[in-house]
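To start, the structure under review is shown below, and the notes come after it.
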Amino acid sequence: MSTLTAQSSTTTTSFSAHALDLKLKQVRLAHPEQSLPSPPSSNGASSPVERDYFYLRSLKECVEIYEDENRGKSESLAMLSDEEVVLLADNGKVAPHALEKLFGMNELERAVRVRRAIISRSSATKTLESSSIPYENYDYSRVIGACCENVVGYIPIPLGVAGPLNVDGTSFPIPMATAEGTLVASTSRGCKALNAGGGVSTVLVGDAMTRGPAIDFPSIKVAAQAKAWVDSAEGYAEMKAAFESTSRFAKLKSLKTAMAGRTMYIRFATTTGDAMGMNMISKGTEKALDAMQARFPSMVVLALSGNYCTDKKPAAINWIEGRGKSVVAEAVIPGHVVKTVLKTTVGDLCNLNVKKNLIGSAMAGSIGGFNAHASNILTAIFLATGQDPAQNVESSMCMTLMEPTNNGEDLLCSVTMPCIEVGTVGGGTVLAAQQGVLEMLGVKGAHPQHPGKNAQTLARVIASAVLAGELSLLSALAAGHLIKAHMAHNRSQVTTPAASVPVTPGPRV
Ligand code: ADP
């Protein structure tokens with residue numbers, strides 16, 4: 001506990017008489033290392049108001065104020081200083097996780113500030129409260145109840161822009177939130193080469209989020225009956241009607257069934273409009289399983305997600321069947337641009353792509369890892385646009401292909417990405433900064449005429465940017481430029497504490 005809280009006022013004045021200056025107390029809370037103003041003289045010259053500026057009331061007084069049933073909790077808390085709320089929390093009167101609810105929507109930053117103090121003082125290091133982790137001037141109303149709990153601030157990540165990149169005839173700046181030096185510069189170089197060839201063209205070959213519940217049956221016989229029913233036209237129609245009753249955006253595309261002993265797995269695949277769709281599909285799946293349960297009363301739904309989805313874990317089923325947006329992006333780069341911009345040759349690039357991205361990955365037993373660093377570009381764009389970063393696992397699955405074209409003069413290259421899981425509504429896309437980035441791309445929120453088009457465009461942009469990243473890194477490797485690029489862009493030791501600087505020779509592969 002701060003020594004501040006050990007002080008108590010012996011003056012009992014009616015509470016309404018206290019014109020508490022919370023601001024002053026907040027300054028004191030934010031900078032506990034600062035020395036206090038001189039205490040009032042002991043001859044009683046100070047007024048009760050002055051005393052309250054500098055001293056805390058006793059725990060008993062604070063509890064009396066806080067528990068006064070004539071007021072709402074937020075009203076009572078407005079009468080207490082931050083330090084006094086910390087005192088209440090330390091004595092079990094206020095639950096730190098409930099501060100936003102108790103303070104009310106107008107005092108969200110205060111809730112965060114007080115929680116920092118509570119957590120800081122109970123931690124071993126006691127540094128959080130006065131740390132460089134920012135918390136001020138953030139729109140917490142978008143966070144509470146939606147994006148994060150027990151909030152103590154936010155983590156800023158540098159945002160760079162690569163490109164612009166011409167994708168299907170439109171020029172897009174490529175937003176990348178990253179702390180990896182050379183990544184944005186390298187991707188920009190790839191964009192330059194792609195633009196010089198006329199840009200990237202993309203096709204969307206699939207759009208379906210998936211959920212795969214695990215369902216137990218008493219025996220393999222009943223499980224097989226249930227599987228046959230789901231696989232039948234009648235069963236599918238009944239499941240689809242129940243599923244689609246939950247959202248106007250969720251349209252069931254397929255049900256894939258499998259058995260493991262007496263456990264059955266059903267992989268639901270659905271469109272989800274502009275949402276990434278996990279919430280939406282979970283609701284639909286639950287409803288469809290209710291309909292199934294009416295037919296098979298002995299079935300037990302073990303989990304709505306039985307890992308047959310598969311969400312946020314490596315899985316061959318995603319690579320083979322696709323999940324989210326399945327996009328292929330392609331471009332032709334003139335041979336002279338390969339030489340002047342990428343500093344290599346068509347032959348060297350194609351050879352390296354086969355040896356590294358195809359044979360090398362095959363030798364390593366990779367599933368969906370037939371690329372140089374798709375995850376680098378995808379994850380940076382995910383962070384910038386409010387996507388779920390944990391879904392980079394499957395979203396980064398990518399096969400990069402390169403071959404000579406036009407009599408061997410030019411380079412034909414493509415990336416095939418079957419699982420880009422993105423949305424432009426819901427999740428982290430509601431946060432102000434992330435919305436600003438989506439706005440810059442022209443894909444903020446729900447598409448006004450064609451639900452799903454904004455999310456699809458974002459997926460096309462991501463695949464195209466990945467192609468840029470692939471080209472640039474492979475070219476750097478082919479030309480042996482990697483170390484040079486690292487020296488130029490990623491060597492600053494001035495502003496980075498040595499203990500936390502990873503040794504990163506350019507984009508990690
Ligand atoms: P997720 O399913 O990705 O977790 P949310 O459930 O948080 O996303 O957000 C989807 C919500 O947004 C749903 O309630 C849906 O009704 C609403 N919504 C509004 N417009 C659209 C749209 N064009 N596409 C998808 N959802 C939309």
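Identifiers in the structure tokens: chain A, B, ... in order shown; residue index from 1 per chain; ligand index from 1 in order shown.
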### Query
Taking only C-alpha atoms and all ligand atoms into account, which residues are within 9 Å of ligand 1, as a ChimeraX atom specification?
/A:146,247-250,271-283,422-428,430,445-455
#### Entry: Residues flagged helix (DSSP H, G or I) by DSSP in region 103-142 of chain A, as a ChimeraX atom specification
/A:103,105-122,128-130,140-142
Atoms to include: C-alpha atoms. Write the selected residues as a JSON list (two decimals), in the first residue's frame.
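Output contents, as saved in result_8.json:
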[["chain", "number", "residue", "atom", "x", "y", "z"],
["A", 103, "PHE", "CA", -17.81, 3.49, -12.31],
["A", 105, "MET", "CA", -19.63, 4.27, -18.98],
["A", 106, "ASN", "CA", -18.55, 7.89, -18.45],
["A", 107, "GLU", "CA", -15.59, 6.91, -16.28],
["A", 108, "LEU", "CA", -13.98, 4.12, -18.27],
["A", 109, "GLU", "CA", -10.51, 5.69, -18.30],
["A", 110, "ARG", "CA", -10.72, 6.15, -14.56],
["A", 111, "ALA", "CA", -11.57, 2.46, -14.19],
["A", 112, "VAL", "CA", -8.46, 1.56, -16.18],
["A", 113, "ARG", "CA", -6.27, 3.97, -14.18],
["A", 114, "VAL", "CA", -7.44, 2.63, -10.83],
["A", 115, "ARG", "CA", -7.03, -0.99, -11.96],
["A", 116, "ARG", "CA", -3.45, -0.23, -12.97],
["A", 117, "ALA", "CA", -2.79, 1.06, -9.48],
["A", 118, "ILE", "CA", -4.37, -1.97, -7.82],
["A", 119, "ILE", "CA", -2.50, -4.48, -9.98],
["A", 120, "SER", "CA", 0.74, -2.52, -9.83],
["A", 121, "ARG", "CA", 0.87, -2.39, -6.07],
["A", 122, "SER", "CA", 0.13, -6.08, -5.63],
["A", 128, "LEU", "CA", 2.79, -1.00, -14.01],
["A", 129, "GLU", "CA", 1.29, 2.13, -12.51],
["A", 130, "SER", "CA", 4.14, 4.41, -13.55],
["A", 140, "TYR", "CA", -12.57, 2.09, -24.01],
["A", 141, "SER", "CA", -16.29, 2.08, -24.79],
["A", 142, "ARG", "CA", -15.45, -0.07, -27.82]]
### Message
Just want the 10 Å neighbourhood of Lys227 (chain A), counted on only C-alpha atoms, with same-chain residues fewer than 6 positions away dropped. Output as a PyMOL selection string.
### Response
chain A and resi 221+235+256-259+264-266
Keeping only N, CA, C and O atoms, write the selected residues as a compact mmCIF listing (two decimals), in the first residue's frame.
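The resulting selection.txt:
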# COMPACT_ATOMS: atom_id res chain seq x y z
N LYS A 221 -23.19 -47.83 -33.88
CA LYS A 221 -24.36 -48.05 -34.73
C LYS A 221 -25.22 -46.79 -34.78
O LYS A 221 -25.63 -46.33 -35.85
N GLY A 235 -31.86 -34.80 -44.14
CA GLY A 235 -31.14 -34.33 -42.95
C GLY A 235 -30.46 -32.99 -43.21
O GLY A 235 -30.52 -32.07 -42.39
N LYS A 256 -19.68 -31.62 -43.57
CA LYS A 256 -18.78 -32.74 -43.81
C LYS A 256 -18.74 -33.57 -42.53
O LYS A 256 -18.45 -33.04 -41.46
N THR A 257 -19.05 -34.87 -42.66
CA THR A 257 -19.14 -35.69 -41.45
C THR A 257 -18.01 -36.72 -41.39
O THR A 257 -17.48 -37.14 -42.41
N ALA A 258 -17.67 -37.11 -40.16
CA ALA A 258 -16.65 -38.15 -39.95
C ALA A 258 -16.92 -38.82 -38.61
O ALA A 258 -17.53 -38.22 -37.71
N MET A 259 -16.48 -40.05 -38.50
CA MET A 259 -16.65 -40.78 -37.23
C MET A 259 -15.30 -41.20 -36.67
O MET A 259 -14.39 -41.52 -37.42
N MET A 264 -18.97 -38.55 -33.34
CA MET A 264 -19.16 -38.04 -34.69
C MET A 264 -18.74 -36.57 -34.74
O MET A 264 -18.92 -35.83 -33.78
N TYR A 265 -18.16 -36.20 -35.86
CA TYR A 265 -17.74 -34.82 -36.09
C TYR A 265 -18.48 -34.29 -37.33
O TYR A 265 -18.63 -35.01 -38.32
N ILE A 266 -18.97 -33.08 -37.24
CA ILE A 266 -19.63 -32.46 -38.40
C ILE A 266 -18.94 -31.13 -38.67
O ILE A 266 -18.89 -30.27 -37.78
#### Entry: Close residues, region 65-67 of chain A itself excluded, 10 Å, only C-alpha atoms, min 6 positions apart in chain, as a list in words
Phe15, Leu59, Lys73, Ser74, Glu75, Ser76, Leu77, Ala78, Met79, Leu80, Glu84, Val85, Leu88, Lys93 and Val94 of chain A
Written file, previous selection with N, CA and C atoms, as a short mmCIF file (atom, residue, chain, number, x, y, z; two decimals), in the first residue's frame:
data_model
loop_
_atom_site.label_atom_id
_atom_site.label_comp_id
_atom_site.auth_asym_id
_atom_site.auth_seq_id
_atom_site.Cartn_x
_atom_site.Cartn_y
_atom_site.Cartn_z
N PHE A 15 -20.89 14.67 3.53
CA PHE A 15 -20.13 14.40 2.32
C PHE A 15 -20.35 15.43 1.24
N LEU A 59 -10.61 3.89 6.03
CA LEU A 59 -11.33 2.83 5.33
C LEU A 59 -12.80 2.85 5.74
N LYS A 73 -23.91 3.03 -7.08
CA LYS A 73 -22.48 2.80 -6.86
C LYS A 73 -21.62 3.80 -7.64
N SER A 74 -22.02 4.13 -8.86
CA SER A 74 -21.18 5.04 -9.64
C SER A 74 -21.18 6.43 -9.00
N GLU A 75 -22.31 6.81 -8.43
CA GLU A 75 -22.41 8.10 -7.77
C GLU A 75 -21.51 8.13 -6.53
N SER A 76 -21.54 7.04 -5.78
CA SER A 76 -20.70 6.98 -4.59
C SER A 76 -19.22 6.99 -4.96
N LEU A 77 -18.88 6.25 -5.99
CA LEU A 77 -17.46 6.19 -6.39
C LEU A 77 -16.99 7.55 -6.89
N ALA A 78 -17.89 8.34 -7.47
CA ALA A 78 -17.51 9.68 -7.93
C ALA A 78 -17.13 10.57 -6.74
N MET A 79 -17.58 10.19 -5.56
CA MET A 79 -17.26 10.99 -4.37
C MET A 79 -15.95 10.57 -3.73
N LEU A 80 -15.40 9.48 -4.20
CA LEU A 80 -14.15 8.98 -3.64
C LEU A 80 -12.99 9.28 -4.59
N GLU A 84 -8.73 6.31 -2.70
CA GLU A 84 -9.72 5.72 -1.79
C GLU A 84 -10.37 4.48 -2.42
N VAL A 85 -10.52 4.52 -3.74
CA VAL A 85 -11.07 3.32 -4.42
C VAL A 85 -10.05 2.18 -4.33
N LEU A 88 -10.39 0.67 -1.03
CA LEU A 88 -11.56 -0.21 -0.97
C LEU A 88 -11.25 -1.55 -1.64
N LYS A 93 -13.52 -4.68 -0.91
CA LYS A 93 -14.86 -4.06 -1.04
C LYS A 93 -15.24 -3.84 -2.50
N VAL A 94 -14.24 -3.71 -3.35
CA VAL A 94 -14.48 -3.46 -4.77
C VAL A 94 -13.71 -4.51 -5.58
#
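The coordinates place CA of Glu149 (chain A) at 7.4 Å from CA of His97 (chain A).
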### Task
Could you check which of A:Glu439, A:Glu470, A:Glu180, A:Asp348 is closest to Cys398 (chain A), using only C-alpha atoms?
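For Cys398 (chain A), the nearest of the candidates is A:Glu470.
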### Task
For CA of Asp290 (chain A) and CA of Ala260 (chain A), determine how far apart the two atoms are, in Å to one decimal place.
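Between CA of Asp290 (chain A) and CA of Ala260 (chain A) the gap is 21.4 Å.
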## Note on the structure
Counting only C-alpha atoms, the residue among A:Tyr236, A:Tyr154, A:Phe268, A:Phe370 that lies closest to Tyr138 (chain A) is A:Tyr154
### Task
Please identify all polymer residues within 8 Å of Arg460 (chain A), counting only C-alpha atoms, omitting same-chain residues fewer than 3 positions from it, and present them as a PyMOL selection string.
chain A and resi 167+202-204+327+329+456-457+463-464
Could you write those residues out with N, CA and C atoms, as an mmCIF file, in the first residue's frame?
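New file part-v2.cif:
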data_model
loop_
_atom_site.group_PDB
_atom_site.id
_atom_site.type_symbol
_atom_site.label_atom_id
_atom_site.label_comp_id
_atom_site.auth_asym_id
_atom_site.auth_seq_id
_atom_site.Cartn_x
_atom_site.Cartn_y
_atom_site.Cartn_z
ATOM 1 N N VAL A 167 -4.243 -3.888 -57.073
ATOM 2 C CA VAL A 167 -4.917 -5.184 -56.933
ATOM 3 C C VAL A 167 -6.211 -5.144 -57.741
ATOM 4 N N THR A 202 -6.623 -11.270 -58.798
ATOM 5 C CA THR A 202 -6.972 -12.281 -57.793
ATOM 6 C C THR A 202 -8.275 -12.990 -58.153
ATOM 7 N N VAL A 203 -8.411 -14.201 -57.650
ATOM 8 C CA VAL A 203 -9.705 -14.894 -57.721
ATOM 9 C C VAL A 203 -10.039 -15.416 -56.327
ATOM 10 N N LEU A 204 -11.325 -15.343 -56.023
ATOM 11 C CA LEU A 204 -11.816 -15.879 -54.756
ATOM 12 C C LEU A 204 -12.468 -17.216 -55.088
ATOM 13 N N VAL A 327 -8.212 -17.635 -51.580
ATOM 14 C CA VAL A 327 -7.829 -16.662 -52.606
ATOM 15 C C VAL A 327 -6.580 -17.134 -53.349
ATOM 16 N N ALA A 329 -3.779 -15.359 -55.955
ATOM 17 C CA ALA A 329 -3.346 -14.073 -56.524
ATOM 18 C C ALA A 329 -2.193 -14.331 -57.489
ATOM 19 N N GLN A 456 -14.137 -9.808 -48.381
ATOM 20 C CA GLN A 456 -13.493 -10.500 -49.510
ATOM 21 C C GLN A 456 -12.399 -9.619 -50.127
ATOM 22 N N THR A 457 -12.691 -8.329 -50.259
ATOM 23 C CA THR A 457 -11.682 -7.415 -50.809
ATOM 24 C C THR A 457 -10.446 -7.386 -49.914
ATOM 25 N N ALA A 463 -3.731 -11.327 -49.834
ATOM 26 C CA ALA A 463 -3.030 -12.307 -50.680
ATOM 27 C C ALA A 463 -2.071 -11.585 -51.630
ATOM 28 N N SER A 464 -2.506 -10.461 -52.168
ATOM 29 C CA SER A 464 -1.655 -9.707 -53.108
ATOM 30 C C SER A 464 -0.417 -9.166 -52.404
#
### Message
If DSSP is run on the backbone, what residues of region 165-378 of chain A are strand (DSSP E or B)? A reply as a PyMOL selection string would be ideal.
### Response
chain A and resi 165-167+170-177+200-211+214-216+250-260+263-272+275+300-303+324-333+369-370
#### Entry: Polymer residues at most 7 Å from region 206-219 of chain A, only C-alpha atoms, same-chain spacing of 5 or more positions, as a ChimeraX atom specification
/A:262-272,277,281-282,298-309,323-326
Go ahead and write the selection's residues with C-alpha atoms as a CSV table (one decimal), in the first residue's frame.
chain,number,residue,atom,x,y,z
A,262,ARG,CA,-18.8,-43.6,-31.3
A,263,THR,CA,-17.9,-39.9,-31.7
A,264,MET,CA,-19.2,-38.0,-34.7
A,265,TYR,CA,-17.7,-34.8,-36.1
A,266,ILE,CA,-19.6,-32.5,-38.4
A,267,ARG,CA,-17.7,-29.7,-40.2
A,268,PHE,CA,-20.3,-26.9,-40.8
A,269,ALA,CA,-19.2,-24.5,-43.6
A,270,THR,CA,-21.0,-21.2,-44.0
A,271,THR,CA,-20.8,-17.7,-45.5
A,272,THR,CA,-20.7,-15.0,-42.9
A,277,GLY,CA,-17.8,-15.3,-38.6
A,281,ILE,CA,-21.3,-19.9,-37.1
A,282,SER,CA,-21.4,-21.0,-33.5
A,298,SER,CA,-29.3,-40.1,-27.2
A,299,MET,CA,-26.6,-37.9,-28.7
A,300,VAL,CA,-24.5,-35.7,-26.5
A,301,VAL,CA,-22.8,-32.6,-27.8
A,302,LEU,CA,-19.4,-32.7,-26.2
A,303,ALA,CA,-18.2,-29.4,-27.6
A,304,LEU,CA,-19.4,-26.9,-30.2
A,305,SER,CA,-15.8,-26.9,-31.3
A,306,GLY,CA,-14.4,-30.4,-31.5
A,307,ASN,CA,-11.2,-29.3,-33.4
A,308,TYR,CA,-12.7,-30.6,-36.7
A,309,CYS,CA,-13.1,-26.8,-37.6
A,323,ARG,CA,-11.5,-22.0,-44.3
A,324,GLY,CA,-12.6,-18.4,-44.5
A,325,LYS,CA,-11.6,-16.8,-47.8
A,326,SER,CA,-9.8,-19.0,-50.3
### Task
Figure out the distance between CA of Ala374 (chain A) and CA of His336 (chain A), please, to one decimal in Å.
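One can read the CA of His336 (chain A) to CA of Ala374 (chain A) distance as 25.1 Å.
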### Message
I'd like the contact shell of Val328 (chain A) - 12 Å cut-off, only C-alpha atoms, skipping same-chain residues fewer than 6 positions apart - returned as a VMD selection string.
### Response
chain A and resid 200 to 206 322 397 to 401 413 to 420 459 to 467
File of the preceding selection, C-alpha atoms, as a JSON list (two decimals), in the first residue's frame:
[["chain", "number", "residue", "atom", "x", "y", "z"],
["A", 200, "VAL", "CA", -1.96, -8.36, -59.23],
["A", 201, "SER", "CA", -5.11, -10.14, -60.29],
["A", 202, "THR", "CA", -6.97, -12.28, -57.79],
["A", 203, "VAL", "CA", -9.70, -14.89, -57.72],
["A", 204, "LEU", "CA", -11.82, -15.88, -54.76],
["A", 205, "VAL", "CA", -12.37, -19.62, -55.03],
["A", 206, "GLY", "CA", -14.09, -20.19, -51.70],
["A", 322, "GLY", "CA", -10.20, -24.21, -47.15],
["A", 397, "MET", "CA", -1.07, -21.27, -45.21],
["A", 398, "CYS", "CA", 0.23, -20.47, -48.63],
["A", 399, "MET", "CA", 1.82, -22.05, -51.68],
["A", 400, "THR", "CA", 4.03, -19.72, -53.68],
["A", 401, "LEU", "CA", 4.61, -20.69, -57.28],
["A", 413, "CYS", "CA", 4.15, -15.88, -59.99],
["A", 414, "SER", "CA", 1.23, -16.67, -57.72],
["A", 415, "VAL", "CA", 0.22, -17.34, -54.15],
["A", 416, "THR", "CA", -2.55, -19.79, -53.27],
["A", 417, "MET", "CA", -4.04, -19.10, -49.85],
["A", 418, "PRO", "CA", -7.03, -21.30, -48.95],
["A", 419, "CYS", "CA", -7.71, -20.03, -45.42],
["A", 420, "ILE", "CA", -7.66, -16.24, -45.10],
["A", 459, "ALA", "CA", -8.63, -11.03, -48.26],
["A", 460, "ARG", "CA", -7.71, -10.25, -51.89],
["A", 461, "VAL", "CA", -5.51, -7.36, -50.74],
["A", 462, "ILE", "CA", -3.81, -9.56, -48.15],
["A", 463, "ALA", "CA", -3.03, -12.31, -50.68],
["A", 464, "SER", "CA", -1.66, -9.71, -53.11],
["A", 465, "ALA", "CA", 0.52, -8.16, -50.41],
["A", 466, "VAL", "CA", 1.76, -11.64, -49.51],
["A", 467, "LEU", "CA", 2.78, -12.07, -53.15]]
